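Structure file run_24.pdb (PDB, C-alpha atoms) is printed below.
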ATOM      1  CA  MET A 264     -36.462  19.670   8.294
ATOM      2  CA  SER A 265     -36.593  16.720  10.669
ATOM      3  CA  ARG A 266     -33.963  13.994  10.565
ATOM      4  CA  SER A 267     -36.465  11.426   9.259
ATOM      5  CA  THR A 268     -37.641  13.805   6.513
ATOM      6  CA  ALA A 269     -34.032  14.502   5.533
ATOM      7  CA  ARG A 270     -33.339  10.753   5.345
ATOM      8  CA  ALA A 271     -36.427  10.189   3.187
ATOM      9  CA  THR A 272     -35.416  13.045   0.879
ATOM     10  CA  ALA A 273     -31.862  11.727   0.565
ATOM     11  CA  ARG A 274     -33.142   8.218  -0.196
ATOM     12  CA  GLY A 275     -35.553   9.588  -2.787
ATOM     13  CA  GLU A 276     -32.714  11.458  -4.485
ATOM     14  CA  LEU A 277     -30.506   8.362  -4.400
ATOM     15  CA  ILE A 278     -33.250   6.291  -6.024
ATOM     16  CA  ALA A 279     -33.910   8.913  -8.710
ATOM     17  CA  ASP A 280     -30.189   9.428  -9.372
ATOM     18  CA  THR A 281     -29.693   5.681  -9.695
ATOM     19  CA  ALA A 282     -32.662   5.457 -12.067
ATOM     20  CA  ILE A 283     -31.065   8.163 -14.234
ATOM     21  CA  ASP A 284     -27.756   6.297 -14.272
ATOM     22  CA  LEU A 285     -29.481   3.044 -15.238
ATOM     23  CA  LEU A 286     -31.408   4.768 -18.033
ATOM     24  CA  ALA A 287     -28.128   6.098 -19.416
ATOM     25  CA  GLU A 288     -26.308   2.759 -19.080
ATOM     26  CA  ARG A 289     -29.015   0.217 -19.938
ATOM     27  CA  GLY A 290     -31.946   2.095 -21.454
ATOM     28  CA  LEU A 291     -35.571   1.736 -20.442
ATOM     29  CA  ARG A 292     -35.453  -2.062 -20.503
ATOM     30  CA  GLY A 293     -32.759  -2.020 -17.839
ATOM     31  CA  LEU A 294     -34.729   0.201 -15.472
ATOM     32  CA  THR A 295     -36.556  -1.901 -12.896
ATOM     33  CA  HIS A 296     -37.248  -1.419  -9.220
ATOM     34  CA  ARG A 297     -34.997  -4.344  -8.410
ATOM     35  CA  ALA A 298     -32.174  -2.997 -10.591
ATOM     36  CA  VAL A 299     -32.347   0.348  -8.782
ATOM     37  CA  ASP A 300     -32.187  -1.375  -5.387
ATOM     38  CA  GLU A 301     -29.139  -3.383  -6.463
ATOM     39  CA  ALA A 302     -27.291  -0.501  -8.120
ATOM     40  CA  ALA A 303     -27.986   1.856  -5.208
ATOM     41  CA  GLY A 304     -27.022  -0.727  -2.585
ATOM     42  CA  LEU A 305     -30.460  -0.546  -0.983
ATOM     43  CA  PRO A 306     -32.430  -3.365   0.657
ATOM     44  CA  GLN A 307     -34.744  -5.138  -1.756
ATOM     45  CA  GLY A 308     -38.117  -3.385  -1.918
ATOM     46  CA  SER A 309     -36.755   0.098  -1.085
ATOM     47  CA  THR A 310     -37.439   1.501  -4.544
ATOM     48  CA  SER A 311     -40.940  -0.016  -4.595
ATOM     49  CA  ASN A 312     -41.673   1.636  -1.253
ATOM     50  CA  HIS A 313     -40.603   5.003  -2.665
ATOM     51  CA  ALA A 314     -42.125   4.677  -6.151
ATOM     52  CA  ARG A 315     -44.701   1.901  -6.269
ATOM     53  CA  THR A 316     -45.218   1.799 -10.030
ATOM     54  CA  ARG A 317     -42.971   2.083 -13.054
ATOM     55  CA  GLU A 318     -44.751   5.324 -13.921
ATOM     56  CA  ALA A 319     -43.902   6.744 -10.500
ATOM     57  CA  LEU A 320     -40.260   5.733 -10.900
ATOM     58  CA  LEU A 321     -40.073   7.403 -14.321
ATOM     59  CA  GLU A 322     -41.715  10.537 -12.931
ATOM     60  CA  ALA A 323     -39.180  10.679 -10.085
ATOM     61  CA  ALA A 324     -36.371  10.360 -12.639
ATOM     62  CA  VAL A 325     -37.812  13.205 -14.754
ATOM     63  CA  ARG A 326     -38.098  15.549 -11.787
ATOM     64  CA  ARG A 327     -34.603  14.762 -10.536
ATOM     65  CA  LEU A 328     -33.123  15.038 -14.017
ATOM     66  CA  ALA A 329     -34.543  18.552 -14.382
ATOM     67  CA  VAL A 330     -32.885  19.564 -11.100
ATOM     68  CA  ARG A 331     -29.518  18.103 -12.101
ATOM     69  CA  GLU A 332     -29.567  19.533 -15.622
ATOM     70  CA  ALA A 333     -30.570  22.966 -14.315
ATOM     71  CA  ARG A 334     -27.474  22.984 -12.099
ATOM     72  CA  VAL A 335     -25.290  22.385 -15.148
ATOM     73  CA  LEU A 336     -27.161  24.394 -17.763
ATOM     74  CA  GLY A 337     -28.631  27.134 -15.568
ATOM     75  CA  PRO A 338     -28.507  30.748 -16.759
ATOM     76  CA  ALA A 339     -25.582  33.014 -16.001
ATOM     77  CA  GLN A 340     -25.380  34.611 -12.572
ATOM     78  CA  ARG A 341     -25.786  38.030 -14.153
ATOM     79  CA  MET A 342     -28.600  38.501 -16.624
ATOM     80  CA  PRO A 343     -27.554  40.321 -19.815
ATOM     81  CA  GLY A 344     -28.692  43.869 -20.452
ATOM     82  CA  PRO A 345     -29.682  45.494 -23.754
ATOM     83  CA  GLY A 346     -26.202  47.024 -24.104
ATOM     84  CA  ASP A 347     -24.400  43.702 -23.749
ATOM     85  CA  GLY A 348     -25.176  42.461 -27.266
ATOM     86  CA  PRO A 349     -24.965  38.762 -28.181
ATOM     87  CA  GLY A 350     -21.543  38.178 -26.583
ATOM     88  CA  MET A 351     -22.616  37.969 -22.961
ATOM     89  CA  PRO A 352     -25.437  35.390 -23.332
ATOM     90  CA  ALA A 353     -23.334  33.479 -25.891
ATOM     91  CA  GLU A 354     -20.483  33.183 -23.380
ATOM     92  CA  ALA A 355     -22.788  31.968 -20.612
ATOM     93  CA  VAL A 356     -24.587  29.394 -22.751
ATOM     94  CA  ALA A 357     -21.367  28.190 -24.419
ATOM     95  CA  LEU A 358     -19.690  27.495 -21.082
ATOM     96  CA  ALA A 359     -22.780  25.676 -19.775
ATOM     97  CA  LEU A 360     -23.028  23.549 -22.929
ATOM     98  CA  HIS A 361     -19.347  22.674 -22.833
ATOM     99  CA  ARG A 362     -19.592  21.699 -19.148
ATOM    100  CA  TYR A 363     -22.592  19.496 -19.959
ATOM    101  CA  LEU A 364     -20.955  17.789 -22.939
ATOM    102  CA  THR A 365     -17.649  17.116 -21.191
ATOM    103  CA  HIS A 366     -18.862  16.017 -17.745
ATOM    104  CA  HIS A 367     -22.581  15.205 -17.863
ATOM    105  CA  ARG A 368     -23.288  13.430 -21.153
ATOM    106  CA  HIS A 369     -25.043  10.577 -19.386
ATOM    107  CA  LEU A 370     -27.764  13.034 -18.354
ATOM    108  CA  ALA A 371     -28.508  13.710 -22.017
ATOM    109  CA  VAL A 372     -28.764   9.997 -22.795
ATOM    110  CA  ALA A 373     -31.184   9.533 -19.888
ATOM    111  CA  ARG A 374     -33.186  12.549 -21.065
ATOM    112  CA  TYR A 375     -33.545  11.110 -24.571
ATOM    113  CA  GLU A 376     -34.818   7.847 -23.096
ATOM    114  CA  LEU A 377     -37.338   9.702 -20.941
ATOM    115  CA  ALA A 378     -38.406  12.071 -23.732
ATOM    116  CA  LEU A 379     -39.227   9.192 -26.047
ATOM    117  CA  GLU A 380     -41.107   7.344 -23.299
ATOM    118  CA  ALA A 381     -43.049  10.533 -22.541
ATOM    119  CA  THR A 382     -44.448  10.498 -26.079
ATOM    120  CA  ARG A 383     -46.269   7.275 -25.115
ATOM    121  CA  ARG A 384     -47.333   8.226 -21.574
ATOM    122  CA  PRO A 385     -49.504  11.371 -21.272
ATOM    123  CA  ALA A 386     -49.007  11.715 -17.501
ATOM    124  CA  LEU A 387     -45.237  11.502 -17.894
ATOM    125  CA  ARG A 388     -45.398  13.964 -20.789
ATOM    126  CA  ALA A 389     -47.137  16.526 -18.583
ATOM    127  CA  ILE A 390     -44.485  16.208 -15.864
ATOM    128  CA  TYR A 391     -41.653  16.284 -18.417
ATOM    129  CA  ASP A 392     -43.048  19.469 -19.981
ATOM    130  CA  ARG A 393     -43.607  21.212 -16.633
ATOM    131  CA  ALA A 394     -40.104  20.378 -15.436
ATOM    132  CA  GLY A 395     -38.530  21.615 -18.659
ATOM    133  CA  THR A 396     -40.541  24.834 -18.718
ATOM    134  CA  ALA A 397     -39.563  25.807 -15.183
ATOM    135  CA  ALA A 398     -35.923  24.758 -15.449
ATOM    136  CA  PHE A 399     -35.041  25.927 -18.956
ATOM    137  CA  ARG A 400     -37.705  27.616 -21.025
ATOM    138  CA  GLU A 401     -38.696  30.353 -18.583
ATOM    139  CA  PRO A 402     -35.088  31.314 -17.672
ATOM    140  CA  LEU A 403     -34.100  31.475 -21.359
ATOM    141  CA  VAL A 404     -37.145  33.597 -22.235
ATOM    142  CA  ALA A 405     -36.132  35.956 -19.404
ATOM    143  CA  MET A 406     -32.528  35.973 -20.626
ATOM    144  CA  MET A 407     -33.576  36.832 -24.177
ATOM    145  CA  ALA A 408     -35.869  39.589 -22.936
ATOM    146  CA  ALA A 409     -33.078  41.049 -20.798
ATOM    147  CA  ALA A 410     -30.732  40.934 -23.799
ATOM    148  CA  GLY A 411     -33.160  43.113 -25.776
ATOM    149  CA  SER A 412     -35.044  40.518 -27.834
ATOM    150  CA  THR A 413     -38.125  41.839 -29.605
ATOM    151  CA  ASP A 414     -39.738  38.384 -29.385
ATOM    152  CA  PRO A 415     -38.247  36.553 -26.372
ATOM    153  CA  GLU A 416     -40.499  33.478 -26.596
ATOM    154  CA  ARG A 417     -39.725  32.796 -30.259
ATOM    155  CA  HIS A 418     -36.041  33.562 -29.819
ATOM    156  CA  ALA A 419     -35.822  31.280 -26.767
ATOM    157  CA  LEU A 420     -37.317  28.483 -28.877
ATOM    158  CA  SER A 421     -34.635  29.023 -31.539
ATOM    159  CA  LEU A 422     -31.903  29.029 -28.893
ATOM    160  CA  ILE A 423     -33.241  25.862 -27.228
ATOM    161  CA  ALA A 424     -33.521  24.129 -30.609
ATOM    162  CA  TRP A 425     -29.909  25.054 -31.450
ATOM    163  CA  CYS A 426     -28.629  23.842 -28.070
ATOM    164  CA  ASP A 427     -30.671  20.631 -28.254
ATOM    165  CA  GLY A 428     -29.291  19.981 -31.732
ATOM    166  CA  VAL A 429     -25.701  20.423 -30.586
ATOM    167  CA  MET A 430     -26.248  18.234 -27.522
ATOM    168  CA  PHE A 431     -27.851  15.444 -29.536
ATOM    169  CA  SER A 432     -25.228  15.572 -32.302
ATOM    170  CA  CYS A 433     -22.369  15.471 -29.795
ATOM    171  CA  THR A 434     -23.946  12.804 -27.580
ATOM    172  CA  ALA A 435     -25.775  10.381 -29.865
ATOM    173  CA  GLY A 436     -25.477  11.818 -33.363
ATOM    174  CA  SER A 437     -22.820  12.067 -36.039
ATOM    175  CA  TYR A 438     -20.494  14.191 -33.865
ATOM    176  CA  HIS A 439     -20.688  11.876 -30.829
ATOM    177  CA  SER A 440     -16.901  11.528 -30.696
ATOM    178  CA  THR A 441     -16.319  15.280 -30.808
ATOM    179  CA  VAL A 442     -16.909  17.954 -28.198
ATOM    180  CA  PRO A 443     -16.695  21.493 -29.571
ATOM    181  CA  THR A 444     -14.457  23.857 -27.623
ATOM    182  CA  PRO A 445     -16.063  26.670 -25.613
ATOM    183  CA  GLU A 446     -14.765  29.057 -28.280
ATOM    184  CA  GLU A 447     -16.420  27.075 -31.074
ATOM    185  CA  LEU A 448     -19.695  26.935 -29.187
ATOM    186  CA  ARG A 449     -19.531  30.637 -28.453
ATOM    187  CA  ALA A 450     -18.888  31.450 -32.124
ATOM    188  CA  GLY A 451     -21.943  29.469 -33.203
ATOM    189  CA  LEU A 452     -24.092  31.021 -30.509
ATOM    190  CA  GLU A 453     -22.937  34.527 -31.356
ATOM    191  CA  GLU A 454     -23.907  33.976 -34.990
ATOM    192  CA  LEU A 455     -27.345  32.792 -33.917
ATOM    193  CA  LEU A 456     -27.870  35.539 -31.336
ATOM    194  CA  ARG A 457     -26.584  38.269 -33.630
ATOM    195  CA  GLY A 458     -29.296  37.346 -36.089
ATOM    196  CA  MET A 459     -31.933  37.535 -33.364
ATOM    197  CA  LEU A 460     -30.665  40.511 -31.374
ATOM    198  CA  GLY A 461     -28.827  42.488 -34.021
ATOM    199  CA  GLY A 462     -25.414  44.057 -33.590
TER     200      GLY A 462
END

Represent the structure from my file as structure tokens, please.
Amino acid sequence: MSRSTARATARGELIADTAIDLLAERGLRGLTHRAVDEAAGLPQGSTSNHARTREALLEAAVRRLAVREARVLGPAQRMPGPGDGPGMPAEAVALALHRYLTHHRHLAVARYELALEATRRPALRAIYDRAGTAAFREPLVAMMAAAGSTDPERHALSLIAWCDGVMFSCTAGSYHSTVPTPEELRAGLEELLRGMLGG
């Protein structure tokens, strides 16, 4: 990668990261090209040069958010095998969820802002769905298959729905002031996975 390409990539990431931070702090109304320039310490017009329209800025935020969330919530280094039972995937997912809820809550808030906006913008919806499928859905389907699931797609949906529910409740819902311990998260996940995987 050339030096100029590396600079452009770094600036693009800075702009997208700043957009995510602004979404979490101020909501959609607070996300403007000028606000990104100011918050990122960039010369006025830098964000407009990178993402000319609001749609383009939102799309950049969605793509970057998927990358950042995947780093926090990515699957375990070792995929479970059929003999592992529900404990191994429960441990991996519980630790990832706890890490997310204790250190990366602002990403969830930004994601909720973007998810709601995507319901009103078909082009953004398509990008949001593609990013989520590649970063989360496909790895969890593979994890469930490796753990011995008889219906990995359906079981991955149940697991995602459970995790999304916990993240929302502990970020913006009735449990927003409480973060479950890794042990509590693991216990809940084991109950769920035991029902799906048996044992």

| task | Given the file shown, enumerate the residues that the PyMOL selection byres ((chain A and resi 394-406) around 10) captures and present them as number ranges by chain. | result | A: 325-334, 336-339, 341-344, 352, 356, 388-393, 407-412, 414-420, 422-423

Pull out every residue that the PyMOL selection byres ((chain A and resi 425) around 12) matches in the shown coordinates and put them as a PDB file with C-alpha atoms, keeping the file's coordinate frame.
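Written out: selection.pdb:
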ATOM      1  CA  VAL A 356     -24.587  29.394 -22.751  1.00  0.00           C
ATOM      2  CA  ALA A 357     -21.367  28.190 -24.419  1.00  0.00           C
ATOM      3  CA  LEU A 360     -23.028  23.549 -22.929  1.00  0.00           C
ATOM      4  CA  HIS A 418     -36.041  33.562 -29.819  1.00  0.00           C
ATOM      5  CA  ALA A 419     -35.822  31.280 -26.767  1.00  0.00           C
ATOM      6  CA  LEU A 420     -37.317  28.483 -28.877  1.00  0.00           C
ATOM      7  CA  SER A 421     -34.635  29.023 -31.539  1.00  0.00           C
ATOM      8  CA  LEU A 422     -31.903  29.029 -28.893  1.00  0.00           C
ATOM      9  CA  ILE A 423     -33.241  25.862 -27.228  1.00  0.00           C
ATOM     10  CA  ALA A 424     -33.521  24.129 -30.609  1.00  0.00           C
ATOM     11  CA  CYS A 426     -28.629  23.842 -28.070  1.00  0.00           C
ATOM     12  CA  ASP A 427     -30.671  20.631 -28.254  1.00  0.00           C
ATOM     13  CA  GLY A 428     -29.291  19.981 -31.732  1.00  0.00           C
ATOM     14  CA  VAL A 429     -25.701  20.423 -30.586  1.00  0.00           C
ATOM     15  CA  MET A 430     -26.248  18.234 -27.522  1.00  0.00           C
ATOM     16  CA  PHE A 431     -27.851  15.444 -29.536  1.00  0.00           C
ATOM     17  CA  SER A 432     -25.228  15.572 -32.302  1.00  0.00           C
ATOM     18  CA  LEU A 448     -19.695  26.935 -29.187  1.00  0.00           C
ATOM     19  CA  GLY A 451     -21.943  29.469 -33.203  1.00  0.00           C
ATOM     20  CA  LEU A 452     -24.092  31.021 -30.509  1.00  0.00           C
ATOM     21  CA  GLU A 453     -22.937  34.527 -31.356  1.00  0.00           C
ATOM     22  CA  GLU A 454     -23.907  33.976 -34.990  1.00  0.00           C
ATOM     23  CA  LEU A 455     -27.345  32.792 -33.917  1.00  0.00           C
ATOM     24  CA  LEU A 456     -27.870  35.539 -31.336  1.00  0.00           C
TER      25      LEU A 456
END

| Explicit residues for the PyMOL selection byres ((chain A and resi 434-436) around 8) (as a PyMOL selection string) | chain A and resi 364+368+371-372+430-433+437-440

Per-residue nearest contacts region 295-390 of chain A to region 269-284 of chain A, cut-off 9 Å, using only C-alpha atoms, as a tab-separated table:
residue	atom	partner	partner_atom	distance
A:Thr295	CA	A:Ala282	CA	8.4
A:His296	CA	A:Ala282	CA	8.7
A:Ala298	CA	A:Ala282	CA	8.6
A:Val299	CA	A:Thr281	CA	6.0
A:Asp300	CA	A:Ile278	CA	7.8
A:Ala302	CA	A:Thr281	CA	6.8
A:Ala303	CA	A:Thr281	CA	6.1
A:Leu305	CA	A:Ile278	CA	8.9
A:Ser309	CA	A:Ile278	CA	8.7
A:Thr310	CA	A:Ile278	CA	6.5
A:His313	CA	A:Gly275	CA	6.8
A:Ala314	CA	A:Gly275	CA	8.9
A:Leu320	CA	A:Ala279	CA	7.4
A:Leu321	CA	A:Ala282	CA	8.0
A:Ala323	CA	A:Ala279	CA	5.7
A:Ala324	CA	A:Ala279	CA	4.9
A:Val325	CA	A:Ala279	CA	8.4
A:Arg326	CA	A:Ala279	CA	8.4
A:Arg327	CA	A:Ala279	CA	6.2
A:Leu328	CA	A:Ile283	CA	7.2
A:His369	CA	A:Asp284	CA	7.2
A:Leu370	CA	A:Ile283	CA	7.2
A:Ala373	CA	A:Ile283	CA	5.8
A:Arg374	CA	A:Ile283	CA	8.4

For C-alpha atoms, I'd like the residues from the last selection saved as a CSV table (one decimal), keeping the file's coordinate frame.
chain,number,residue,atom,x,y,z
A,295,THR,CA,-36.6,-1.9,-12.9
A,296,HIS,CA,-37.2,-1.4,-9.2
A,298,ALA,CA,-32.2,-3.0,-10.6
A,299,VAL,CA,-32.3,0.3,-8.8
A,300,ASP,CA,-32.2,-1.4,-5.4
A,302,ALA,CA,-27.3,-0.5,-8.1
A,303,ALA,CA,-28.0,1.9,-5.2
A,305,LEU,CA,-30.5,-0.5,-1.0
A,309,SER,CA,-36.8,0.1,-1.1
A,310,THR,CA,-37.4,1.5,-4.5
A,313,HIS,CA,-40.6,5.0,-2.7
A,314,ALA,CA,-42.1,4.7,-6.2
A,320,LEU,CA,-40.3,5.7,-10.9
A,321,LEU,CA,-40.1,7.4,-14.3
A,323,ALA,CA,-39.2,10.7,-10.1
A,324,ALA,CA,-36.4,10.4,-12.6
A,325,VAL,CA,-37.8,13.2,-14.8
A,326,ARG,CA,-38.1,15.5,-11.8
A,327,ARG,CA,-34.6,14.8,-10.5
A,328,LEU,CA,-33.1,15.0,-14.0
A,369,HIS,CA,-25.0,10.6,-19.4
A,370,LEU,CA,-27.8,13.0,-18.4
A,373,ALA,CA,-31.2,9.5,-19.9
A,374,ARG,CA,-33.2,12.5,-21.1

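Each of A:Thr316, A:Ala378, A:Arg289, A:Val442 was compared to Tyr363 (chain A) using only C-alpha atoms, and A:Val442 turns out to be the nearest.
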
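If you look at CA of Pro443 (chain A) and CA of Glu288 (chain A), they are 23.5 Å away from each other.
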
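As for CA of Thr413 (chain A) and CA of Thr444 (chain A), they are spaced 29.8 Å apart.
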
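Rounded to one decimal, CA of Glu380 (chain A) and CA of Glu318 (chain A) lie 10.3 Å from each other.
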
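Closest to Arg317 (chain A) among A:Leu294, A:His361, A:Ala353, A:Ser265 is A:Leu294, based on only C-alpha atoms.
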
Only C-alpha atoms, please: region 318-392 of chain A from the block, as a PDB file, in the first residue's frame.
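Saved the output as part37.pdb:
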ATOM      1  CA  GLU A 318     -26.101   8.844   2.924  1.00  0.00           C
ATOM      2  CA  ALA A 319     -22.434   8.233   2.133  1.00  0.00           C
ATOM      3  CA  LEU A 320     -21.424   9.290   5.641  1.00  0.00           C
ATOM      4  CA  LEU A 321     -23.984   6.930   7.192  1.00  0.00           C
ATOM      5  CA  GLU A 322     -22.810   4.103   4.938  1.00  0.00           C
ATOM      6  CA  ALA A 323     -19.189   4.687   5.985  1.00  0.00           C
ATOM      7  CA  ALA A 324     -20.278   4.567   9.634  1.00  0.00           C
ATOM      8  CA  VAL A 325     -22.149   1.274   9.090  1.00  0.00           C
ATOM      9  CA  ARG A 326     -19.175  -0.384   7.422  1.00  0.00           C
ATOM     10  CA  ARG A 327     -16.733   0.803  10.073  1.00  0.00           C
ATOM     11  CA  LEU A 328     -19.083  -0.154  12.892  1.00  0.00           C
ATOM     12  CA  ALA A 329     -19.270  -3.721  11.575  1.00  0.00           C
ATOM     13  CA  VAL A 330     -15.462  -3.929  11.594  1.00  0.00           C
ATOM     14  CA  ARG A 331     -15.192  -2.576  15.140  1.00  0.00           C
ATOM     15  CA  GLU A 332     -17.993  -4.733  16.535  1.00  0.00           C
ATOM     16  CA  ALA A 333     -16.552  -7.842  14.876  1.00  0.00           C
ATOM     17  CA  ARG A 334     -13.267  -7.249  16.707  1.00  0.00           C
ATOM     18  CA  VAL A 335     -15.119  -7.230  20.022  1.00  0.00           C
ATOM     19  CA  LEU A 336     -17.792  -9.834  19.354  1.00  0.00           C
ATOM     20  CA  GLY A 337     -15.923 -12.096  16.929  1.00  0.00           C
ATOM     21  CA  PRO A 338     -16.143 -15.873  17.353  1.00  0.00           C
ATOM     22  CA  ALA A 339     -13.731 -17.794  19.533  1.00  0.00           C
ATOM     23  CA  GLN A 340     -10.300 -18.604  18.147  1.00  0.00           C
ATOM     24  CA  ARG A 341     -11.132 -22.298  18.272  1.00  0.00           C
ATOM     25  CA  MET A 342     -14.415 -23.411  16.778  1.00  0.00           C
ATOM     26  CA  PRO A 343     -16.370 -25.830  18.995  1.00  0.00           C
ATOM     27  CA  GLY A 344     -16.665 -29.478  18.046  1.00  0.00           C
ATOM     28  CA  PRO A 345     -19.640 -31.818  18.489  1.00  0.00           C
ATOM     29  CA  GLY A 346     -18.115 -33.236  21.688  1.00  0.00           C
ATOM     30  CA  ASP A 347     -17.731 -29.842  23.343  1.00  0.00           C
ATOM     31  CA  GLY A 348     -21.412 -29.423  24.231  1.00  0.00           C
ATOM     32  CA  PRO A 349     -22.909 -26.004  25.022  1.00  0.00           C
ATOM     33  CA  GLY A 350     -20.152 -24.943  27.447  1.00  0.00           C
ATOM     34  CA  MET A 351     -17.488 -24.003  24.930  1.00  0.00           C
ATOM     35  CA  PRO A 352     -19.584 -21.688  22.694  1.00  0.00           C
ATOM     36  CA  ALA A 353     -21.321 -20.286  25.798  1.00  0.00           C
ATOM     37  CA  GLU A 354     -17.950 -19.333  27.298  1.00  0.00           C
ATOM     38  CA  ALA A 355     -16.782 -17.649  24.096  1.00  0.00           C
ATOM     39  CA  VAL A 356     -19.982 -15.677  23.543  1.00  0.00           C
ATOM     40  CA  ALA A 357     -20.306 -14.725  27.230  1.00  0.00           C
ATOM     41  CA  LEU A 358     -16.804 -13.255  27.339  1.00  0.00           C
ATOM     42  CA  ALA A 359     -17.385 -11.330  24.094  1.00  0.00           C
ATOM     43  CA  LEU A 360     -20.707  -9.947  25.350  1.00  0.00           C
ATOM     44  CA  HIS A 361     -19.216  -8.914  28.673  1.00  0.00           C
ATOM     45  CA  ARG A 362     -16.301  -7.179  26.917  1.00  0.00           C
ATOM     46  CA  TYR A 363     -18.779  -5.334  24.689  1.00  0.00           C
ATOM     47  CA  LEU A 364     -21.045  -4.241  27.544  1.00  0.00           C
ATOM     48  CA  THR A 365     -18.225  -3.066  29.804  1.00  0.00           C
ATOM     49  CA  HIS A 366     -15.966  -1.302  27.286  1.00  0.00           C
ATOM     50  CA  HIS A 367     -17.852  -0.695  24.034  1.00  0.00           C
ATOM     51  CA  ARG A 368     -21.418   0.296  24.917  1.00  0.00           C
ATOM     52  CA  HIS A 369     -21.237   3.386  22.733  1.00  0.00           C
ATOM     53  CA  LEU A 370     -20.988   1.094  19.700  1.00  0.00           C
ATOM     54  CA  ALA A 371     -24.375  -0.387  20.573  1.00  0.00           C
ATOM     55  CA  VAL A 372     -25.958   3.056  20.886  1.00  0.00           C
ATOM     56  CA  ALA A 373     -24.558   4.032  17.478  1.00  0.00           C
ATOM     57  CA  ARG A 374     -25.814   0.750  16.015  1.00  0.00           C
ATOM     58  CA  TYR A 375     -29.346   1.381  17.286  1.00  0.00           C
ATOM     59  CA  GLU A 376     -29.301   4.828  15.685  1.00  0.00           C
ATOM     60  CA  LEU A 377     -28.109   3.376  12.382  1.00  0.00           C
ATOM     61  CA  ALA A 378     -30.512   0.417  12.493  1.00  0.00           C
ATOM     62  CA  LEU A 379     -33.508   2.690  12.913  1.00  0.00           C
ATOM     63  CA  GLU A 380     -32.308   5.005  10.138  1.00  0.00           C
ATOM     64  CA  ALA A 381     -31.806   1.975   7.884  1.00  0.00           C
ATOM     65  CA  THR A 382     -35.518   1.185   8.153  1.00  0.00           C
ATOM     66  CA  ARG A 383     -36.148   4.460   6.278  1.00  0.00           C
ATOM     67  CA  ARG A 384     -33.305   4.251   3.738  1.00  0.00           C
ATOM     68  CA  PRO A 385     -33.311   1.155   1.478  1.00  0.00           C
ATOM     69  CA  ALA A 386     -29.720   1.655   0.279  1.00  0.00           C
ATOM     70  CA  LEU A 387     -28.476   1.940   3.855  1.00  0.00           C
ATOM     71  CA  ARG A 388     -30.558  -1.095   4.821  1.00  0.00           C
ATOM     72  CA  ALA A 389     -28.834  -3.192   2.161  1.00  0.00           C
ATOM     73  CA  ILE A 390     -25.371  -2.181   3.393  1.00  0.00           C
ATOM     74  CA  TYR A 391     -26.365  -2.685   7.040  1.00  0.00           C
ATOM     75  CA  ASP A 392     -27.661  -6.189   6.281  1.00  0.00           C
TER      76      ASP A 392
END
